[in-house]
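Engineer: So here's run-v7.cif (mmCIF, C-alpha atoms).
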data_structure
#
loop_
_atom_site.group_PDB
_atom_site.id
_atom_site.type_symbol
_atom_site.label_atom_id
_atom_site.label_comp_id
_atom_site.auth_asym_id
_atom_site.auth_seq_id
_atom_site.Cartn_x
_atom_site.Cartn_y
_atom_site.Cartn_z
ATOM 1 C CA MET A 98 -31.320 -26.427 -29.802
ATOM 2 C CA LEU A 99 -29.087 -28.612 -27.632
ATOM 3 C CA ARG A 100 -25.982 -27.162 -29.267
ATOM 4 C CA ALA A 101 -27.244 -23.634 -28.694
ATOM 5 C CA CYS A 102 -27.863 -24.336 -25.015
ATOM 6 C CA THR A 103 -24.460 -25.941 -24.664
ATOM 7 C CA ASP A 104 -22.729 -22.977 -26.290
ATOM 8 C CA SER A 105 -24.649 -20.559 -24.094
ATOM 9 C CA SER A 106 -23.708 -22.517 -20.991
ATOM 10 C CA THR A 107 -20.049 -22.516 -22.032
ATOM 11 C CA LEU A 108 -20.006 -18.791 -22.683
ATOM 12 C CA ASP A 109 -21.641 -18.090 -19.325
ATOM 13 C CA ARG A 110 -19.471 -20.452 -17.276
ATOM 14 C CA PHE A 111 -17.441 -17.672 -15.657
ATOM 15 C CA SER A 112 -20.552 -15.668 -14.781
ATOM 16 C CA ASN A 113 -22.007 -18.698 -13.027
ATOM 17 C CA LEU A 114 -19.085 -18.970 -10.623
ATOM 18 C CA LEU A 115 -19.525 -17.977 -7.006
ATOM 19 C CA ILE A 116 -18.570 -14.332 -6.632
ATOM 20 C CA GLU A 117 -15.771 -15.215 -4.196
ATOM 21 C CA VAL A 118 -14.276 -17.655 -6.725
ATOM 22 C CA ALA A 119 -14.572 -15.149 -9.578
ATOM 23 C CA HIS A 120 -12.903 -12.437 -7.493
ATOM 24 C CA HIS A 121 -10.079 -14.811 -6.591
ATOM 25 C CA ILE A 122 -9.441 -15.540 -10.270
ATOM 26 C CA LEU A 123 -9.514 -11.846 -11.162
ATOM 27 C CA SER A 124 -7.033 -11.047 -8.379
ATOM 28 C CA PHE A 125 -4.265 -12.644 -10.480
ATOM 29 C CA LEU A 126 -4.795 -10.197 -13.356
ATOM 30 C CA SER A 127 -2.954 -6.931 -13.801
ATOM 31 C CA PHE A 128 -5.076 -3.799 -13.660
ATOM 32 C CA LYS A 129 -4.787 -3.484 -17.440
ATOM 33 C CA ASP A 130 -5.978 -7.049 -18.066
ATOM 34 C CA LEU A 131 -8.689 -6.683 -15.444
ATOM 35 C CA THR A 132 -10.022 -3.662 -17.302
ATOM 36 C CA ARG A 133 -10.033 -5.583 -20.569
ATOM 37 C CA ALA A 134 -11.958 -8.405 -18.919
ATOM 38 C CA SER A 135 -14.595 -5.924 -17.754
ATOM 39 C CA ALA A 136 -15.582 -5.304 -21.384
ATOM 40 C CA VAL A 137 -16.547 -8.946 -21.990
ATOM 41 C CA SER A 138 -20.007 -8.763 -20.451
ATOM 42 C CA LYS A 139 -22.192 -6.889 -18.007
ATOM 43 C CA ARG A 140 -21.494 -9.532 -15.373
ATOM 44 C CA CYS A 141 -17.729 -9.180 -15.874
ATOM 45 C CA ARG A 142 -18.015 -5.429 -15.449
ATOM 46 C CA GLN A 143 -19.887 -5.931 -12.181
ATOM 47 C CA LEU A 144 -17.145 -8.264 -10.973
ATOM 48 C CA TYR A 145 -14.509 -5.764 -12.106
ATOM 49 C CA LEU A 146 -16.059 -2.939 -10.099
ATOM 50 C CA SER A 147 -16.672 -5.072 -7.014
ATOM 51 C CA ASN A 148 -13.301 -6.842 -7.057
ATOM 52 C CA PRO A 149 -11.804 -6.394 -3.549
ATOM 53 C CA THR A 150 -8.227 -6.577 -4.884
ATOM 54 C CA VAL A 151 -6.969 -3.436 -6.641
ATOM 55 C CA SER A 152 -3.349 -3.337 -7.800
ATOM 56 C CA PHE A 153 -2.065 -0.462 -9.922
ATOM 57 C CA ASP A 154 1.577 -0.479 -11.039
ATOM 58 C CA ALA A 155 2.619 2.612 -12.985
ATOM 59 C CA ILE A 156 6.391 2.302 -12.494
ATOM 60 C CA SER A 157 7.011 0.829 -15.945
ATOM 61 C CA ILE A 158 4.550 3.062 -17.805
ATOM 62 C CA PRO A 159 6.046 5.917 -19.875
ATOM 63 C CA SER A 160 5.836 9.175 -17.963
ATOM 64 C CA CYS A 161 4.893 11.569 -20.769
ATOM 65 C CA ASN A 162 2.253 14.103 -19.756
ATOM 66 C CA ARG A 163 -0.424 12.759 -22.095
ATOM 67 C CA ARG A 164 -0.009 9.179 -20.918
ATOM 68 C CA ARG A 165 0.031 10.152 -17.255
ATOM 69 C CA GLY A 166 -3.109 12.223 -17.776
ATOM 70 C CA GLU A 167 -4.808 9.176 -19.258
ATOM 71 C CA LEU A 168 -3.769 7.150 -16.220
ATOM 72 C CA TYR A 169 -5.202 9.752 -13.854
ATOM 73 C CA ASN A 170 -8.555 9.728 -15.630
ATOM 74 C CA PHE A 171 -8.589 5.956 -15.934
ATOM 75 C CA LEU A 172 -8.048 5.204 -12.259
ATOM 76 C CA ASP A 173 -10.229 8.118 -11.134
ATOM 77 C CA THR A 174 -13.112 6.761 -13.210
ATOM 78 C CA PHE A 175 -12.618 3.238 -11.896
ATOM 79 C CA LEU A 176 -12.601 4.298 -8.238
ATOM 80 C CA THR A 177 -15.621 6.551 -8.769
ATOM 81 C CA ASN A 178 -17.656 3.886 -10.580
ATOM 82 C CA ARG A 179 -16.978 1.193 -7.986
ATOM 83 C CA GLY A 180 -18.804 3.304 -5.397
ATOM 84 C CA ASP A 181 -18.524 2.006 -1.847
ATOM 85 C CA ASN A 182 -17.634 -1.586 -2.751
ATOM 86 C CA MET A 183 -15.167 -2.740 -0.110
ATOM 87 C CA ILE A 184 -11.464 -2.915 -0.999
ATOM 88 C CA GLN A 185 -9.595 -5.643 0.817
ATOM 89 C CA TYR A 186 -6.178 -5.049 -0.776
ATOM 90 C CA PHE A 187 -5.087 -1.802 -2.441
ATOM 91 C CA CYS A 188 -1.649 -1.534 -4.034
ATOM 92 C CA ILE A 189 -0.064 1.445 -5.799
ATOM 93 C CA ARG A 190 3.382 1.568 -7.400
ATOM 94 C CA TRP A 191 4.043 5.102 -8.587
ATOM 95 C CA LEU A 192 7.012 6.989 -10.029
ATOM 96 C CA PHE A 193 7.403 10.680 -9.239
ATOM 97 C CA VAL A 194 9.806 11.680 -12.016
ATOM 98 C CA ASP A 195 12.585 14.215 -11.482
ATOM 99 C CA PHE A 196 12.057 16.093 -14.753
ATOM 100 C CA GLU A 197 8.549 17.189 -13.851
ATOM 101 C CA SER A 198 7.919 20.807 -12.951
ATOM 102 C CA PRO A 199 7.101 21.622 -9.294
ATOM 103 C CA ARG A 200 3.458 22.021 -10.314
ATOM 104 C CA GLU A 201 3.408 18.589 -11.941
ATOM 105 C CA LEU A 202 4.949 16.998 -8.854
ATOM 106 C CA VAL A 203 2.261 18.597 -6.705
ATOM 107 C CA ASP A 204 -0.435 17.316 -9.084
ATOM 108 C CA ASP A 205 1.061 13.821 -8.965
ATOM 109 C CA HIS A 206 1.124 13.875 -5.184
ATOM 110 C CA TYR A 207 -2.467 15.125 -5.036
ATOM 111 C CA GLN A 208 -3.675 12.357 -7.355
ATOM 112 C CA VAL A 209 -2.010 9.603 -5.330
ATOM 113 C CA ILE A 210 -3.377 11.009 -2.066
ATOM 114 C CA THR A 211 -6.855 11.147 -3.620
ATOM 115 C CA TRP A 212 -6.646 7.471 -4.592
ATOM 116 C CA ILE A 213 -5.597 6.539 -1.062
ATOM 117 C CA HIS A 214 -8.545 8.516 0.323
ATOM 118 C CA ASN A 215 -10.841 6.604 -2.042
ATOM 119 C CA ALA A 216 -9.446 3.308 -0.769
ATOM 120 C CA ILE A 217 -10.057 4.440 2.809
ATOM 121 C CA ARG A 218 -13.619 5.368 1.882
ATOM 122 C CA CYS A 219 -14.047 1.805 0.608
ATOM 123 C CA LYS A 220 -12.952 0.406 3.996
ATOM 124 C CA VAL A 221 -9.581 -0.868 2.800
ATOM 125 C CA GLU A 222 -7.977 -3.563 4.972
ATOM 126 C CA GLU A 223 -4.500 -3.787 3.402
ATOM 127 C CA LEU A 224 -2.511 -0.901 1.907
ATOM 128 C CA ASP A 225 0.638 -1.645 -0.095
ATOM 129 C CA LEU A 226 2.333 1.564 -1.246
ATOM 130 C CA GLY A 227 5.580 1.833 -3.187
ATOM 131 C CA PHE A 228 6.836 5.206 -4.384
ATOM 132 C CA THR A 229 9.970 6.160 -6.274
ATOM 133 C CA MET A 230 10.168 9.856 -5.534
ATOM 134 C CA PHE A 231 12.730 11.646 -7.678
ATOM 135 C CA GLY A 232 12.427 15.369 -7.076
ATOM 136 C CA MET A 233 10.735 14.960 -3.680
ATOM 137 C CA THR A 234 12.736 14.764 -0.462
ATOM 138 C CA ILE A 235 9.944 14.419 2.107
ATOM 139 C CA PHE A 236 6.779 12.349 2.106
ATOM 140 C CA ALA A 237 4.249 13.345 4.758
ATOM 141 C CA PHE A 238 2.697 10.339 6.446
ATOM 142 C CA LEU A 239 -1.067 10.643 6.133
ATOM 143 C CA SER A 240 -2.912 10.770 9.433
ATOM 144 C CA CYS A 241 -6.011 9.510 7.620
ATOM 145 C CA ILE A 242 -4.222 6.195 7.006
ATOM 146 C CA LEU A 243 -3.609 5.597 10.690
ATOM 147 C CA LEU A 244 -7.123 6.779 11.518
ATOM 148 C CA CYS A 245 -8.746 4.370 9.041
ATOM 149 C CA PRO A 246 -10.761 2.000 11.293
ATOM 150 C CA SER A 247 -10.763 -0.859 8.770
ATOM 151 C CA LEU A 248 -7.015 -0.830 8.001
ATOM 152 C CA ARG A 249 -5.167 -3.846 9.384
ATOM 153 C CA SER A 250 -1.989 -3.968 7.300
ATOM 154 C CA LEU A 251 0.270 -1.254 5.875
ATOM 155 C CA SER A 252 3.380 -1.679 3.740
ATOM 156 C CA LEU A 253 5.319 1.409 2.658
ATOM 157 C CA ASN A 254 8.415 1.560 0.449
ATOM 158 C CA LEU A 255 9.813 5.050 -0.210
ATOM 159 C CA ARG A 256 13.144 4.191 -1.891
ATOM 160 C CA GLY A 257 15.080 6.238 0.675
ATOM 161 C CA THR A 258 12.797 9.275 0.838
ATOM 162 C CA THR A 259 12.333 10.913 4.243
ATOM 163 C CA LEU A 260 9.074 10.033 5.972
ATOM 164 C CA GLU A 261 7.472 12.773 8.028
ATOM 165 C CA VAL A 262 5.520 11.272 10.918
ATOM 166 C CA PRO A 263 2.429 13.061 12.314
ATOM 167 C CA SER A 264 3.023 14.947 15.541
ATOM 168 C CA LEU A 265 -0.425 14.063 16.889
ATOM 169 C CA TYR A 266 -0.946 10.718 18.569
ATOM 170 C CA PHE A 267 -4.126 8.701 18.334
ATOM 171 C CA SER A 268 -5.371 5.142 18.445
ATOM 172 C CA CYS A 269 -5.214 3.034 15.280
ATOM 173 C CA ASN A 270 -6.110 -0.562 14.460
ATOM 174 C CA LEU A 271 -2.970 -1.542 12.539
ATOM 175 C CA ARG A 272 -1.799 -5.095 13.173
ATOM 176 C CA HIS A 273 0.916 -5.435 10.531
ATOM 177 C CA LEU A 274 3.336 -2.660 9.556
ATOM 178 C CA THR A 275 6.240 -2.880 7.106
ATOM 179 C CA LEU A 276 8.478 0.094 6.352
ATOM 180 C CA ARG A 277 11.117 -0.436 3.686
ATOM 181 C CA ASP A 278 13.903 1.908 2.568
ATOM 182 C CA VAL A 279 12.526 4.807 4.603
ATOM 183 C CA THR A 280 14.516 7.662 6.171
ATOM 184 C CA PHE A 281 13.449 9.359 9.412
ATOM 185 C CA VAL A 282 14.548 12.768 10.638
ATOM 186 C CA ASP A 283 13.906 12.129 14.338
ATOM 187 C CA GLY A 284 12.702 9.507 16.797
ATOM 188 C CA ARG A 285 9.055 10.501 16.587
ATOM 189 C CA PHE A 286 8.144 7.275 14.803
ATOM 190 C CA CYS A 287 8.943 5.088 17.816
ATOM 191 C CA THR A 288 6.907 7.321 20.109
ATOM 192 C CA CYS A 289 3.989 7.282 17.683
ATOM 193 C CA LEU A 290 4.169 3.503 17.321
ATOM 194 C CA SER A 291 4.259 2.853 21.061
ATOM 195 C CA SER A 292 1.459 5.277 21.913
ATOM 196 C CA SER A 293 -0.877 4.929 18.919
ATOM 197 C CA CYS A 294 -0.517 1.410 17.497
ATOM 198 C CA ARG A 295 -1.689 -0.570 20.491
ATOM 199 C CA SER A 296 -2.931 -3.501 18.392
ATOM 200 C CA ILE A 297 0.265 -3.983 16.379
ATOM 201 C CA LYS A 298 1.325 -7.627 16.103
ATOM 202 C CA GLU A 299 3.966 -7.630 13.391
ATOM 203 C CA LEU A 300 6.553 -4.929 12.678
ATOM 204 C CA GLN A 301 9.187 -4.993 9.940
ATOM 205 C CA LEU A 302 11.735 -2.193 9.549
ATOM 206 C CA ILE A 303 13.857 -2.941 6.497
ATOM 207 C CA GLN A 304 16.731 -0.650 5.487
ATOM 208 C CA VAL A 305 15.332 2.125 7.678
ATOM 209 C CA LYS A 306 17.727 5.035 8.143
ATOM 210 C CA GLY A 307 18.018 8.155 10.253
ATOM 211 C CA MET A 308 17.237 6.700 13.685
ATOM 212 C CA GLN A 309 20.174 6.440 16.057
ATOM 213 C CA ASN A 310 17.921 5.185 18.839
ATOM 214 C CA ILE A 311 15.130 2.670 18.426
ATOM 215 C CA SER A 312 12.941 2.337 21.492
ATOM 216 C CA ILE A 313 9.657 0.446 21.179
ATOM 217 C CA GLU A 314 7.298 -0.556 23.962
ATOM 218 C CA SER A 315 4.323 -2.714 23.019
ATOM 219 C CA SER A 316 2.223 -5.256 24.864
ATOM 220 C CA SER A 317 0.681 -6.564 21.619
ATOM 221 C CA LEU A 318 3.776 -6.950 19.393
ATOM 222 C CA GLU A 319 4.446 -10.603 18.547
ATOM 223 C CA SER A 320 6.963 -10.429 15.705
ATOM 224 C CA LEU A 321 9.733 -7.920 15.003
ATOM 225 C CA LYS A 322 12.135 -7.900 12.061
ATOM 226 C CA LEU A 323 14.916 -5.330 11.693
ATOM 227 C CA VAL A 324 17.144 -5.267 8.631
ATOM 228 C CA PHE A 325 19.716 -2.502 8.539
ATOM 229 C CA GLY A 326 22.476 -1.890 6.032
ATOM 230 C CA ASN A 327 25.979 -0.542 6.273
ATOM 231 C CA ASN A 328 24.791 3.070 6.227
ATOM 232 C CA GLY A 329 26.718 4.465 9.180
ATOM 233 C CA ASP A 330 23.701 4.796 11.469
ATOM 234 C CA LEU A 331 24.603 3.708 14.974
ATOM 235 C CA PHE A 332 21.635 3.161 17.229
ATOM 236 C CA HIS A 333 20.678 1.982 20.653
ATOM 237 C CA LEU A 334 18.005 -0.705 20.532
ATOM 238 C CA ASN A 335 15.483 -0.987 23.346
ATOM 239 C CA ILE A 336 12.501 -3.289 22.767
ATOM 240 C CA SER A 337 9.925 -4.030 25.440
ATOM 241 C CA GLY A 338 7.199 -6.595 24.731
ATOM 242 C CA GLU A 339 6.210 -9.694 26.654
ATOM 243 C CA LYS A 340 4.926 -11.483 23.531
ATOM 244 C CA LEU A 341 8.165 -11.065 21.567
ATOM 245 C CA LEU A 342 10.140 -13.889 23.166
ATOM 246 C CA GLY A 343 11.852 -15.914 20.433
ATOM 247 C CA LYS A 344 10.268 -13.892 17.627
ATOM 248 C CA THR A 345 12.713 -11.038 17.157
ATOM 249 C CA PHE A 346 14.909 -11.098 14.057
ATOM 250 C CA LEU A 347 17.863 -8.762 13.616
ATOM 251 C CA HIS A 348 19.822 -8.836 10.401
ATOM 252 C CA HIS A 349 22.707 -6.745 9.125
ATOM 253 C CA GLN A 350 22.784 -6.484 5.354
ATOM 254 C CA GLU A 351 25.828 -5.126 3.611
ATOM 255 C CA ALA A 352 25.165 -2.293 1.211
ATOM 256 C CA HIS A 353 25.641 -3.195 -2.436
ATOM 257 C CA PRO A 354 27.534 -0.846 -4.751
#
Let me see the file written as structure tokens.

Structural biologist:
Amino acid sequence: MLRACTDSSTLDRFSNLLIEVAHHILSFLSFKDLTRASAVSKRCRQLYLSNPTVSFDAISIPSCNRRRGELYNFLDTFLTNRGDNMIQYFCIRWLFVDFESPRELVDDHYQVITWIHNAIRCKVEELDLGFTMFGMTIFAFLSCILLCPSLRSLSLNLRGTTLEVPSLYFSCNLRHLTLRDVTFVDGRFCTCLSSSCRSIKELQLIQVKGMQNISIESSSLESLKLVFGNNGDLFHLNISGEKLLGKTFLHHQEAHP
């Protein structure tokens, strides 16, 4: 009887952890391993569906139609089954392949946008988006992201794709914004940032192209990092922010062949 109790206690050790501790442990697993762990027990499945850290990396997954369809269904089911459980950190790495038909590219884009909407519904606090977009030249910035009241941090890497900024201005609660390898077609981003992101504290623009003039005015900005490569863009830099003193970092990075 003692042995049976001991074995039972050992098997249930993970389930007996505080939910915060269990979630922290699960945050180190890939989405694939996290899904496998959910099949261990009913308690593990509950932790899987309530885990506030969701990271989905599809860059290295073969892009055949059947496999991508399985991925769509898999992540759709997961986000549906988790209901309204809060998402603290939501990360997507997705490859839009250049040999897809226009219809398939549209379907891919729709699926990714749907997942982002699901994260917003779950009151996401941090969005980390990385897209390799062969076959797509413009990515429309989603107004719903900026309008998300719970969102505090946004990181976006477009691998050089042009980012289309909304023409409407509104108030958002972003405090940390990182844009990496993004191309702009006009200076609308700076206007949007200055007028809409009034709570922004940290801004990183890394290998951003297409802006000859960068003009940012912010009373909340505390840290600014600009990294620009040898891409031929000449710009005038005008930064106004009383909290930025000693916390502005400019770096020129040579382009690698």

Engineer: Starting from the shown file, work through the PyMOL selection byres ((chain A and resi 336) around 10) and note down what comes out as a ChimeraX atom specification.

Structural biologist: /A:311-315,321,333-335,337-339,341,345

Engineer: Using the chain letters and numbering of this document, enumerate as a list of chain:residue names the residues selected by the PyMOL selection byres ((chain A and resi 308) around 8).

Structural biologist: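 For this structure, the PyMOL selection byres ((chain A and resi 308) around 8) captures A:Phe281, A:Val282, A:Asp283, A:Gly284, A:Val305, A:Lys306, A:Gly307, A:Gln309, A:Asn310, A:Ile311, A:Asp330, A:Phe332.
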
Engineer: Export C-alpha atoms of the chosen residues as a PDB file, in the frame of the given file?

Structural biologist:
ATOM      1  CA  PHE A 281      13.449   9.359   9.412  1.00  0.00           C
ATOM      2  CA  VAL A 282      14.548  12.768  10.638  1.00  0.00           C
ATOM      3  CA  ASP A 283      13.906  12.129  14.338  1.00  0.00           C
ATOM      4  CA  GLY A 284      12.702   9.507  16.797  1.00  0.00           C
ATOM      5  CA  VAL A 305      15.332   2.125   7.678  1.00  0.00           C
ATOM      6  CA  LYS A 306      17.727   5.035   8.143  1.00  0.00           C
ATOM      7  CA  GLY A 307      18.018   8.155  10.253  1.00  0.00           C
ATOM      8  CA  GLN A 309      20.174   6.440  16.057  1.00  0.00           C
ATOM      9  CA  ASN A 310      17.921   5.185  18.839  1.00  0.00           C
ATOM     10  CA  ILE A 311      15.130   2.670  18.426  1.00  0.00           C
ATOM     11  CA  ASP A 330      23.701   4.796  11.469  1.00  0.00           C
ATOM     12  CA  PHE A 332      21.635   3.161  17.229  1.00  0.00           C
TER      13      PHE A 332
END

Engineer: Quick one: distance from atom CA of Glu223 of chain A to atom CA of Asp181 of chain A in Å, one decimal?

Structural biologist: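 A separation of 16.1 Å between them.
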
Engineer: Excluding same-chain residues fewer than 3 positions from segment 249-253 of chain A, what lies within 7 Å of it counting all atoms listed in the file, as a list in words?

Structural biologist: Glu222, Glu223, Leu224, Asp225, Leu226, Gly227, Asn270, Leu271, Arg272, His273, Leu274, Thr275, Leu276 and Arg277 of chain A

Engineer: In Å, how far is it from atom CA of Gln301 of chain A to atom CA of Thr211 of chain A?

Structural biologist: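 Between atom CA of Gln301 of chain A and atom CA of Thr211 of chain A the gap works out to 26.5 Å.
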
Engineer: If I take atom CA of Arg256 of chain A and atom CA of Thr229 of chain A, how far is one from the other in Å, to one decimal?

Structural biologist: 5.8 Å

Engineer: Given all atoms listed in the file as the basis, pick out the residue of A:Ser138, A:Asn113, A:Ser320, A:Asn254 nearest to Trp191 of chain A.

Structural biologist: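 Selected residue with least distance to Trp191 of chain A: A:Asn254.
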
Engineer: With the file shown as input, list the residues that the PyMOL selection byres ((chain A and resi 151) around 10) selects, as a list in words.

Structural biologist: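 In the shown coordinates, the PyMOL selection byres ((chain A and resi 151) around 10) covers Leu123, Ser124, Leu126, Ser127, Phe128, Leu131, Tyr145, Leu146, Ser147, Asn148, Pro149, Thr150, Ser152, Phe153, Leu176, Ile184, Gln185, Tyr186, Phe187, Cys188, Ile189, Ala216 and Leu224 of chain A.
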
Engineer: I need the residue nearest Ile156 of chain A from this list: A:Ile213, A:Thr280, A:Met230, A:Ser247. Use only C-alpha atoms for the distance.

Structural biologist: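 Closest candidate: A:Met230.
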
Engineer: Mind giving me the axis-aligned box for segment 116-124 of chain A with 3 Å on every side, centre plus edges in Å to one decimal, as AutoDock Vina command-line options?

Structural biologist:
--center_x -12.8 --center_y -14.4 --center_z -7.7 --size_x 17.5 --size_y 12.6 --size_z 13.0

Engineer: Ranking A:Ala134, A:Leu168, A:Leu318, A:Ile210 by minimum distance to Ala119 of chain A and counting all atoms listed in the file, which one comes first?

Structural biologist: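 For Ala119 of chain A, the nearest of the candidates is A:Ala134.
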
Engineer: With a distance cut-off of 9 Å and all atoms listed in the file, select the neighbouring residues of Ile217 of chain A, excluding the residue or stretch itself and same-chain residues fewer than 6 positions from it, and output the selection as a list in words.

Structural biologist: Ile184, Cys241, Ile242, Cys245, Pro246, Ser247 and Leu248 of chain A
